[in-house]
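Trainee: Supplied in structure tokens, the structure appears directly below.
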Amino acid sequence: MKLKVGFIYMFVCIFSGVVYPQEMNNNLLFIRVDKINDLTIDKYQTKFFVIEVDSINIPLKDSGMMPVLIDDFADVQLEDCKRGKSFNINDVYTTDTFNAVSNYGGDNLERIIDNLKEMNYLSSIKIKDLSYSKNIKIYYTIIKSEYCIGNLTDKSDRDYYNNKKIVIMSSPITIDNKYKIPKSDLFEVYKAINYNYFMVD
């Protein structure tokens, strides 16, 4: 009888939209990219990305680095992401009720900003030619959060989001700066990083 009741409950939840198979609760490798351009405009840039990891914090093979929305999304975008629906992020204020940030997004961004100096150094890249130069530094830490991986309706929704995949962090985060990427896993991390995301201004 319990089995039957449980099956009916699961059936009702799925078809009422309560269960969101796209949402996960796990650790993420949080990547910070600092770029100094030899320019007078946008000289300093900081961008954030994530890489999915498994239960022992080893980057998932072929997962890839994805841009992450921390505090600049609306409830309707989060719901679409959870349901596996494509969504647009050009202007979150033109969508429906904008409650997601007030619930936890602002606190998440504040935690991340407060933790910037505690992140671990990963690598650096220097690019120089006759008329232009840039210096890129990459840092990482482990964060834990509920999140979903969504698909954008247009690749040009954000200037550096060259891929349609994007991650929304949908719960308060915790940060673990003690984590160090094992040498045996560094290759997977480097392979997952898409340098095209931050090579273009």
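In the structure tokens, each chain is lettered A, B, ... as it comes, each chain's residues begin at 1, and ligands are numbered from 1 in order of appearance.
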With only C-alpha atoms as the counted atoms, please give the residues lying no more than 6 Å from region 173-176 of chain A, apart from itself and same-chain residues fewer than 3 positions off, as an mmCIF file with all heavy atoms, in the first residue's frame.

Mentor:
```
data_model
loop_
_atom_site.group_PDB
_atom_site.id
_atom_site.type_symbol
_atom_site.label_atom_id
_atom_site.label_comp_id
_atom_site.auth_asym_id
_atom_site.auth_seq_id
_atom_site.Cartn_x
_atom_site.Cartn_y
_atom_site.Cartn_z
ATOM 1 N N ILE A 142 35.999 25.724 -4.301
ATOM 2 C CA ILE A 142 34.837 24.831 -4.373
ATOM 3 C C ILE A 142 33.661 25.507 -3.683
ATOM 4 O O ILE A 142 33.803 26.033 -2.577
ATOM 5 C CB ILE A 142 35.137 23.469 -3.699
ATOM 6 C CG1 ILE A 142 36.004 22.598 -4.593
ATOM 7 C CG2 ILE A 142 33.844 22.730 -3.351
ATOM 8 C CD1 ILE A 142 35.290 21.968 -5.773
ATOM 9 N N ILE A 143 32.517 25.512 -4.344
ATOM 10 C CA ILE A 143 31.299 26.006 -3.710
ATOM 11 C C ILE A 143 30.240 24.913 -3.757
ATOM 12 O O ILE A 143 30.252 24.060 -4.631
ATOM 13 C CB ILE A 143 30.764 27.286 -4.386
ATOM 14 C CG1 ILE A 143 30.387 27.009 -5.853
ATOM 15 C CG2 ILE A 143 31.759 28.422 -4.289
ATOM 16 C CD1 ILE A 143 29.697 28.164 -6.521
ATOM 17 N N LYS A 144 29.343 24.955 -2.793
ATOM 18 C CA LYS A 144 28.222 24.010 -2.760
ATOM 19 C C LYS A 144 26.937 24.810 -2.853
ATOM 20 O O LYS A 144 26.746 25.786 -2.129
ATOM 21 C CB LYS A 144 28.239 23.167 -1.493
ATOM 22 C CG LYS A 144 27.159 22.075 -1.486
ATOM 23 C CD LYS A 144 27.292 21.182 -0.272
ATOM 24 C CE LYS A 144 26.244 20.074 -0.284
ATOM 25 N NZ LYS A 144 26.431 19.133 -1.408
ATOM 26 N N SER A 145 26.059 24.372 -3.744
ATOM 27 C CA SER A 145 24.797 25.076 -3.949
ATOM 28 C C SER A 145 23.852 24.189 -4.731
ATOM 29 O O SER A 145 24.279 23.288 -5.455
ATOM 30 C CB SER A 145 25.044 26.368 -4.740
ATOM 31 O OG SER A 145 23.830 27.004 -5.091
#
```

Trainee: Please list as a list in words every residue within 7 Å of Ser63 (chain A), counting only C-alpha atoms and excluding residues in the same chain fewer than 4 positions away.

Mentor: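 So, after excluding close chain neighbours, the residues are Ile51, Glu52 and Ala192 of chain A.
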
Trainee: May I ask for the distance between CA of Leu69 (chain A) and CA of Met169 (chain A), given in Å to one decimal place?

Mentor: 6.5 Å

Trainee: Show which residues sit within 9 Å of Asp54 (chain A), as a count of residues only. Count only C-alpha atoms, and ignore same-chain residues fewer than 2 positions away.

Mentor: 9

Trainee: Taking only C-alpha atoms into account, which of A:Met119, A:Val76, A:Val53, A:Met66 comes nearest Tyr140 (chain A)?

Mentor: A:Met119

Trainee: From the set A:Ser133, A:Leu109, A:Ile36, A:Tyr147, which residue has the shortest atom-to-atom contact distance to Val50 (chain A), counting only C-alpha atoms?

Mentor: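 The answer is A:Tyr147, which sits nearest to Val50 (chain A).
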
Trainee: So, counting only C-alpha atoms, which residue among A:Lys137, A:Lys180, A:Lys85, A:Arg111 is closest to Asn37 (chain A)?

Mentor: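 Ranked by minimum distance to Asn37 (chain A), first place goes to A:Lys137.
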